[in-house]
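Source file: work_27.csv. Holds: CSV, C-alpha atoms.
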```
chain,number,residue,atom,x,y,z
A,1,MET,CA,24.3,24.3,17.7
A,2,TYR,CA,20.7,23.2,17.9
A,3,CYS,CA,19.1,22.3,21.1
A,4,VAL,CA,17.3,18.9,20.8
A,5,SER,CA,13.7,20.4,20.7
A,6,THR,CA,14.6,22.9,18.0
A,7,PHE,CA,16.4,20.3,16.0
A,8,TYR,CA,13.3,18.1,15.9
A,9,THR,CA,10.8,20.9,15.2
A,10,MET,CA,12.8,21.9,12.1
A,11,THR,CA,13.4,18.5,10.7
A,12,LYS,CA,11.2,16.4,8.5
A,13,ILE,CA,12.0,12.7,8.3
A,14,ARG,CA,10.6,10.1,6.0
A,15,ILE,CA,10.1,6.6,7.3
A,16,THR,CA,9.3,3.5,5.2
A,17,LYS,CA,7.9,0.1,5.9
A,18,GLU,CA,7.8,-2.7,3.5
A,19,PHE,CA,5.1,-5.4,3.2
A,20,VAL,CA,5.0,-8.6,1.1
A,21,PHE,CA,1.9,-10.6,0.0
A,22,ASP,CA,0.9,-13.0,-2.7
A,23,MET,CA,-2.1,-12.2,-4.9
A,24,ALA,CA,-3.7,-13.5,-8.1
A,25,HIS,CA,-5.5,-11.4,-10.6
A,26,ALA,CA,-6.8,-11.3,-14.1
A,27,LEU,CA,-7.3,-8.3,-16.4
A,28,HIS,CA,-10.6,-8.2,-18.4
A,29,ASN,CA,-10.3,-7.6,-22.1
A,30,TYR,CA,-6.5,-7.4,-21.9
A,31,ASP,CA,-4.7,-8.3,-25.1
A,32,GLY,CA,-1.8,-10.2,-23.5
A,33,LEU,CA,-1.0,-12.9,-21.0
A,34,CYS,CA,-2.4,-11.0,-18.1
A,35,GLN,CA,-6.0,-11.8,-19.3
A,36,ASN,CA,-5.4,-15.2,-17.7
A,37,ILE,CA,-5.6,-15.7,-14.0
A,38,HIS,CA,-2.1,-15.5,-12.6
A,39,GLY,CA,-0.3,-14.5,-9.5
A,40,HIS,CA,2.5,-12.3,-8.2
A,41,THR,CA,4.4,-11.8,-5.0
A,42,TYR,CA,3.7,-8.1,-4.4
A,43,LYS,CA,6.0,-5.9,-2.4
A,44,LEU,CA,4.4,-2.7,-1.0
A,45,GLN,CA,6.6,0.1,0.3
A,46,VAL,CA,4.8,2.8,2.3
A,47,THR,CA,6.6,6.0,3.1
A,48,LEU,CA,5.4,8.6,5.6
A,49,ILE,CA,6.8,12.1,6.3
A,50,GLY,CA,6.6,13.9,9.6
A,51,THR,CA,8.6,15.5,12.4
A,52,PRO,CA,10.1,13.3,15.1
A,53,CYS,CA,8.5,13.6,18.5
A,54,SER,CA,10.4,16.2,20.5
A,55,ASP,CA,8.8,15.5,23.9
A,56,VAL,CA,11.7,14.0,25.9
A,57,THR,CA,9.1,12.5,28.4
A,58,SER,CA,7.3,10.6,25.7
A,59,PRO,CA,8.0,7.0,25.0
A,60,LYS,CA,7.8,7.9,21.3
A,61,TYR,CA,10.6,10.6,21.7
A,62,GLY,CA,12.6,10.8,18.5
A,63,MET,CA,10.0,8.9,16.4
A,64,VAL,CA,8.0,10.2,13.5
A,65,LEU,CA,5.7,7.2,14.1
A,66,ASP,CA,6.1,3.9,15.8
A,67,PHE,CA,6.7,1.4,13.0
A,68,SER,CA,4.1,-0.9,14.7
A,69,VAL,CA,1.4,1.8,14.1
A,70,LEU,CA,2.3,1.9,10.4
A,71,LYS,CA,2.2,-1.9,10.3
A,72,ASN,CA,-1.4,-1.9,11.7
A,73,VAL,CA,-2.4,0.9,9.2
A,74,VAL,CA,-1.4,-1.3,6.3
A,75,LYS,CA,-1.7,-4.9,7.5
A,76,ILE,CA,-5.4,-5.2,8.2
A,77,PRO,CA,-7.0,-3.4,5.1
A,78,ILE,CA,-4.3,-4.4,2.6
A,79,VAL,CA,-2.0,-7.3,3.5
A,80,ASP,CA,-4.6,-9.4,5.5
A,81,ALA,CA,-7.3,-8.7,2.9
A,82,PHE,CA,-5.4,-9.2,-0.3
A,83,ASP,CA,-2.8,-11.9,0.6
A,84,HIS,CA,-3.6,-15.1,-1.3
A,85,ALA,CA,-6.7,-13.6,-2.8
A,86,LEU,CA,-8.0,-13.6,-6.4
A,87,VAL,CA,-8.8,-10.1,-7.5
A,88,VAL,CA,-10.9,-9.4,-10.6
A,89,PRO,CA,-12.8,-6.4,-11.9
A,90,GLN,CA,-16.5,-6.2,-11.2
A,91,ASN,CA,-18.6,-7.0,-14.3
A,92,GLY,CA,-15.5,-8.4,-15.9
A,93,GLY,CA,-16.9,-11.7,-16.9
A,94,PHE,CA,-15.6,-13.6,-13.9
A,95,ASP,CA,-19.0,-14.5,-12.4
A,96,ALA,CA,-18.3,-18.2,-12.5
A,97,LEU,CA,-15.5,-17.7,-10.1
A,98,ARG,CA,-17.8,-16.4,-7.3
A,99,GLN,CA,-18.3,-20.0,-6.2
A,100,TYR,CA,-14.8,-19.8,-4.7
A,101,GLN,CA,-15.8,-16.9,-2.3
A,102,SER,CA,-16.7,-19.4,0.4
A,103,GLU,CA,-13.5,-21.4,-0.2
A,104,GLY,CA,-11.0,-18.6,-0.2
A,105,LYS,CA,-10.5,-14.9,-0.9
A,106,PHE,CA,-12.3,-13.7,-4.0
A,107,ILE,CA,-12.3,-9.9,-4.3
A,108,GLU,CA,-14.1,-7.9,-7.0
A,109,VAL,CA,-12.9,-4.4,-7.4
A,110,PRO,CA,-14.6,-1.5,-9.3
A,111,PHE,CA,-11.6,-1.1,-11.5
A,112,GLN,CA,-9.2,-3.1,-13.7
A,113,PRO,CA,-6.8,-4.6,-11.1
A,114,THR,CA,-3.6,-3.4,-12.7
A,115,CYS,CA,-0.6,-2.5,-10.5
A,116,GLU,CA,-1.3,1.2,-11.1
A,117,ASN,CA,-4.9,1.0,-10.1
A,118,LEU,CA,-4.1,-1.2,-7.0
A,119,THR,CA,-1.5,1.4,-6.0
A,120,ILE,CA,-4.2,4.2,-6.1
A,121,TYR,CA,-6.6,2.1,-4.2
A,122,PHE,CA,-4.1,1.2,-1.5
A,123,VAL,CA,-3.2,4.9,-1.2
A,124,GLU,CA,-6.8,5.7,-0.3
A,125,LEU,CA,-7.0,2.8,2.2
A,126,ILE,CA,-3.8,4.0,3.9
A,127,LYS,CA,-4.7,7.7,4.0
A,128,ALA,CA,-8.0,6.9,5.7
A,129,LYS,CA,-6.2,5.2,8.6
A,130,LEU,CA,-3.2,7.5,9.1
A,131,PRO,CA,-2.7,9.4,12.4
A,132,SER,CA,-2.9,13.1,11.9
A,133,GLN,CA,0.7,13.9,12.9
A,134,VAL,CA,2.1,12.2,9.7
A,135,SER,CA,1.4,12.5,6.0
A,136,LEU,CA,1.6,9.9,3.3
A,137,HIS,CA,4.7,10.7,1.2
A,138,SER,CA,4.7,7.9,-1.3
A,139,VAL,CA,3.6,4.3,-2.1
A,140,ARG,CA,5.5,1.9,-4.3
A,141,LEU,CA,3.9,-1.4,-5.3
A,142,TYR,CA,6.1,-4.0,-7.0
A,143,GLU,CA,4.2,-6.5,-9.1
A,144,THR,CA,7.4,-8.3,-10.0
A,145,PRO,CA,11.0,-7.8,-8.8
A,146,THR,CA,11.7,-5.4,-11.7
A,147,SER,CA,8.3,-3.7,-12.3
A,148,PHE,CA,6.4,-1.3,-10.0
A,149,ALA,CA,3.9,1.5,-9.9
A,150,GLU,CA,4.6,4.6,-7.7
A,151,TRP,CA,2.4,7.3,-6.1
A,152,PHE,CA,3.8,10.5,-4.7
A,153,ALA,CA,1.8,13.0,-2.6
A,154,GLU,CA,3.6,16.0,-4.3
A,155,ASP,CA,2.3,14.8,-7.7
A,156,ASN,CA,-1.3,14.7,-6.5
A,157,GLN,CA,-1.9,18.0,-4.8
```
Taking this structure as input, can you express it in the form of structure tokens?
Amino acid sequence: MYCVSTFYTMTKIRITKEFVFDMAHALHNYDGLCQNIHGHTYKLQVTLIGTPCSDVTSPKYGMVLDFSVLKNVVKIPIVDAFDHALVVPQNGGFDALRQYQSEGKFIEVPFQPTCENLTIYFVELIKAKLPSQVSLHSVRLYETPTSFAEWFAEDNQ
């Protein structure tokens, strides 16, 4: 039988938090409907991996990371920034839309704003804000209820 502290030091746990936001985008030079400005309700799932806190005197005892910390890691740079924004590629011929920057969220990114590229971009934003005791395990970004892009740490080592 494991004592509690040994149990926690040997166990890796994954925790996931889900975020939902609405965003519009357009794809430059795309040969389908997505060349037009359109929107989606995105669902972002962020999964961390770590060892639960084994310090019985800590208020975080038994936690890999407080879910409120993970919420703050993702909410400000991603959800708050991209929710109800129009995202277009820089130099993608959307210059006329810059007039809307003062009226709402208009974001130019240095890549084609596909679900795949947004996933990679969000991974970098999340990794830059994570506390050192946890690692990013995976990110899943749903563009529609049935279509998503996925990033796994193990695939990118």
Which residues of range 49-76 of chain A come within 9 Å of range 124-141 of chain A, and what is each one's closest atom pair and distance in Å (one decimal), counting only C-alpha atoms, sorted by chain and residue number, as JSON lines?
```
{"residue": "A:Ile49", "atom": "CA", "partner": "A:Ser135", "partner_atom": "CA", "distance": 5.4}
{"residue": "A:Gly50", "atom": "CA", "partner": "A:Val134", "partner_atom": "CA", "distance": 4.8}
{"residue": "A:Thr51", "atom": "CA", "partner": "A:Val134", "partner_atom": "CA", "distance": 7.8}
{"residue": "A:Val64", "atom": "CA", "partner": "A:Val134", "partner_atom": "CA", "distance": 7.3}
{"residue": "A:Leu65", "atom": "CA", "partner": "A:Val134", "partner_atom": "CA", "distance": 7.6}
{"residue": "A:Val69", "atom": "CA", "partner": "A:Pro131", "partner_atom": "CA", "distance": 8.8}
{"residue": "A:Leu70", "atom": "CA", "partner": "A:Leu130", "partner_atom": "CA", "distance": 8.0}
{"residue": "A:Val73", "atom": "CA", "partner": "A:Lys129", "partner_atom": "CA", "distance": 5.8}
{"residue": "A:Val74", "atom": "CA", "partner": "A:Ile126", "partner_atom": "CA", "distance": 6.3}
```
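Proximity ranking of A:Val123, A:Ala153, A:Met23, A:Cys34 relative to Ala81 in chain A places A:Met23 first, based on only C-alpha atoms.
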**Asked** Excluding same-chain residues fewer than 2 positions from Gln112 in chain A, what lies within 10 Å of it counting all atoms listed in the file, as a ChimeraX atom specification?
**Response** /A:25-30,87-90,92,108-110,114-118
**Asked** Which one of A:Thr41, A:Thr119, A:Thr57, A:Gln35 sits closest to Asp83 in chain A if you count all atoms listed in the file?
**Response** A:Thr41
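With all atoms listed in the file as the atoms that count, the residue of A:Asp31, A:Asp22, A:Asp155, A:Asp80 with the shortest distance to Glu143 in chain A is A:Asp22.
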**Message:** Ranking A:Lys71, A:Lys12, A:His38, A:His84 by minimum distance to Pro52 in chain A and counting only C-alpha atoms, which one comes first?
**Reply:** A:Lys12
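Here CA of Phe106 in chain A stands at a distance of 22.4 Å from CA of Gly32 in chain A.
Among A:Thr11, A:Asn91, A:Thr16, A:Ser54, the residue with the shortest atom-to-atom distance to Ser68 in chain A, counting only C-alpha atoms, is A:Thr16.
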**Message:** One decimal, in Å: what's the spacing between CA of Pro113 in chain A and CA of Ser147 in chain A?
**Reply:** 15.2 Å
**Asked** Any idea what the distance is between CA of Tyr142 in chain A and CA of Leu33 in chain A?
**Response** 18.0 Å
**Complete:** Min atom-atom distance to Lys43 in chain A from the set A:Ala85, A:Ile13, A:Val79, A:Val20, counting all atoms listed in the file, belongs to A:Val20
